[in-house]
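J.: Sending over a structure as structure tokens; questions will come in a sec.
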Amino acid sequence: MGLIARLAVLVLLLGAAAPPGADAGERWVTAWAASQMVPGNNALPAEDLKDATLRQVVRIQIAGAKLRVRLTNAYGTQPLRVSAATIARALDPASAKIDAASLTALRFGGAKSVTIPAGADYWSDPIALPVKAGADLAITLYLPDAPAQQTGHPGSRATSHYLHGDHSGDADLPGAKTAERWYQLGAIEVASPRASAVVILGDSITDGYGVPANSNTRWTDALQLRLHATPALVDMAVLNAGIGGNRLLNDGLGPNAMARFDREVLSYPGVTHLVIFEGVNDLGTLTRDAPATPEAHAALVEGMIGAYRQMVARARAHGIKVIGATITPYGGSGYYHPDAANEADRAAVNAWIRTPGNFDGVIDFDAAMRDPAAPTRLLKVFDNDGLHPSVAGYQAMADAVPLSLFSDKVVDKGRVATAPAAPAPMIAFTFDDLTAHAPLPAGYTRVGIAEQIIAALKSGGAPAIGFINGIQLTNEPASAPVLDKWRAAGLTLGNHGWSHANLDQLSDEAFLSELEKNEPILKAKAGTTDWRWFRYPFLSEAAANPERRARIRKLLAERGYKVATVTMDFSDWAYNNAYARCVAKGDSDAILRMEHAWLGTASVQADRARAMAQALYGRDIPYVLLMHLGAFDAHMMPKLVALYREKGYRFVSIAEAGKDPYYAPEMNPALTPQPQGLNGAMAAKGLKEPQAPALLPLDTMCM
């Protein structure tokens, strides 16, 4: 036989082997899918699946005229035999009744039956069955033998029906048992030249915990309805890849997100977008049974962010746009009972998610779902159990998704947050110990640090005041230009005492001398008459007795000073020494842990201050934040400004903050002093302060 003849025979053989109805030029898009796992306690009894018909109803997300079904034996330990399979339009998502006229047999390479290898998926041959978007389809399988190990999706929130015998062609299954689970069913795909799909990789919140069976009221369902109502997105399917209890890093009720990523994101044809909404279970399980060390908290945050990075890189390599979704509050969860350290972890992870460039877009579910008066908790109207949203909450999540993330033809109209508007809390930045704080890392200068901080403040539209210790200029004359930079930027200066000595270390005369010794610098450098702001070194008015405190306040009042109290801080100063050591050692991992802890603690302490103000006064006060001109502060300042903006703060000057009645006795030393700060007021009223997160062991880092 000649070469041409042999090639002709080969072509004929290949053509004969092609599945009936297959077209090499067709473009397939996943129109429905479910995440898979070993069902465990949710497995059906083996005797119920021997010689059994299993009918399952799913809602197709996009329209098509030709489709194929993807069966799965992903977690099977032995080959799975399917002796017959059919598909039809369901008459009712809660029943086993089908439209008999639409009943179509599925074939596999032209055969009625198929044996699926252990660990594998298997596509049916394409069939002609026109379906509309949102139609309910019933897939019926006849299994002669029960799977050696079942593969399924326990969180279907949809009713499946099963009974003995081959009833795959029946219009109804009277007497069938039911279960709200899916088994051995992976996906449905349609042939479409223009459709696309977005995978939502998530946990029980995405899986729809709490929604009624057969109601299709998960947040992904509500999002799909929004897409259907948007002409540019009408042909995009929302694929729910949620598993209850799922985590990024460790297996839970199902395989971890990293382990299932290839199968449930990359293997679906037609996927153009991915939303990653995972992490709350990683955060919660860390301390569910016992507290964890600060090092363990830092390692968890680092590991979670590493997982995000991996998944983003893998998806981008396949041309998929990756969208990060911030982790929603779970402070009211009775299952995880999170503490301040857990909240610091959540804040650090969310700050990374929001940072431009880490993802291709962001859905800020945290901002949309949190209670403005208690940001660590879900808004009550959206809350089911402190962790999961209610059905109204799921709708709010869908409404919070900017559709422009999926198409540049869509212009969003303010769909960012759905929580009721609340007055924006105010925050005033203040910086102690000018001109300098802590050692200089290699490559840093005092002026450079000041310039970085000033630039971040200016970019964020944030006023600030800096409090001078004159001894800094004596010890480090090269830092003097810092004050000129500060003044040139239009920022305010105040008096912090010459040598940074605390009140209980000084006599009345020495205190006044320290105060006056700083004044010539202020008069020369402030560039304004509004420099008579005073802050006690180490923040405290601690004195031997109340009479001493009153005398000192009288001295301040006689000289026209206003006292600048502090109502918010997060120990920013503690990081600067460790940062200098870590820069010297080139320990980027330690610096990364510090970054996450610094931002997380800043977020928690902001929420603590607000919680104390609400407990004491039933409202927000303008918060006065303590900061320092340190190298790590300069390194992190842009992220801090962004964090406070995201939390809804409005930046004000200390003078504007001081107009609030709360500050009258605090600021005016001529008035009777009150318990100092929010912490002092809480103690005076016998109220318990919200828990603060523990710091990393900064004293030993990079030693």
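Identifiers for the structure tokens are assigned positionally: chains receive A, B, ... in sequence, residues are indexed from 1 per chain, and ligands are indexed from 1 in the order shown.
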List every residue of segment 89-276 of chain A that DSSP, applied to the backbone, labels as strand (DSSP E), and write the result as an NGL selection string.

T.: :A and (89 or 104-105 or 114-116 or 121-123 or 127-131 or 136-143 or 152-153 or 160-164 or 177-179 or 182-183 or 185-191 or 196-202 or 236-242 or 271-276)

J.: Compile the contact shell of Ala118 of chain A as a ChimeraX atom specification: residues with an atom at most 7 Å away, counting only C-alpha atoms, same-chain residues fewer than 4 positions apart removed.

T.: /A:73-79

J.: Those selected residues, please, written with N, CA and C atoms and delivered as a compact mmCIF listing (two decimals), in the first residue's frame.

T.:
```txt
# COMPACT_ATOMS: atom_id res chain seq x y z
N ASN A 73 -15.16 10.91 38.57
CA ASN A 73 -14.75 9.90 39.54
C ASN A 73 -13.46 10.38 40.20
N ALA A 74 -13.42 11.71 40.43
CA ALA A 74 -12.17 12.37 40.84
C ALA A 74 -11.58 11.77 42.10
N TYR A 75 -12.42 11.38 43.06
CA TYR A 75 -11.89 10.83 44.32
C TYR A 75 -12.20 9.35 44.46
N GLY A 76 -12.60 8.74 43.36
CA GLY A 76 -12.83 7.30 43.39
C GLY A 76 -11.53 6.53 43.51
N THR A 77 -11.62 5.39 44.16
CA THR A 77 -10.43 4.54 44.32
C THR A 77 -10.45 3.34 43.37
N GLN A 78 -11.58 3.16 42.67
CA GLN A 78 -11.72 2.10 41.68
C GLN A 78 -12.46 2.68 40.47
N PRO A 79 -12.35 2.06 39.30
CA PRO A 79 -13.13 2.54 38.15
C PRO A 79 -14.63 2.56 38.47
```

J.: Could you build a table of the residues in segment 148-204 of chain A lying no more than 12 Å from segment 305-321 of chain A, giving for each the nearest pair of atoms and their separation in Å rounded to one decimal place, using only C-alpha atoms, ordered by chain and ascending residue number, as JSON lines?

T.:
```
{"residue": "A:Ser196", "atom": "CA", "partner": "A:Ile320", "partner_atom": "CA", "distance": 11.0}
{"residue": "A:Ala197", "atom": "CA", "partner": "A:Ile320", "partner_atom": "CA", "distance": 10.2}
{"residue": "A:Val198", "atom": "CA", "partner": "A:Ile320", "partner_atom": "CA", "distance": 9.1}
{"residue": "A:Val199", "atom": "CA", "partner": "A:Ile320", "partner_atom": "CA", "distance": 10.0}
{"residue": "A:Leu201", "atom": "CA", "partner": "A:Met311", "partner_atom": "CA", "distance": 10.6}
```

J.: May I ask which of the residues A:Thr430, A:Thr567, A:Pro291, A:Lys554 is the closest one to Pro673 of chain A, counting only C-alpha atoms?

T.: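 So, comparing all the options, the nearest one is A:Lys554.
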
J.: Using only C-alpha atoms, which residues sit within 12 Å of Ala396 of chain A once same-chain residues fewer than 3 positions away are excluded, as a ChimeraX atom specification?

T.: /A:217-223,226,364-370,378-379,381-383,389-393,399-401,415-420

J.: Given the choices A:Leu629, A:Val322, A:Gly165, A:Thr445, which gets closest to Val271 of chain A if the distance is worked out from only C-alpha atoms?

T.: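 Ranking A:Leu629, A:Val322, A:Gly165, A:Thr445 by distance to Val271 of chain A, first place goes to A:Val322.
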
J.: In Å, how far is it from atom CA of Ser160 of chain A to atom CA of Gln56 of chain A?

T.: 4.6 Å
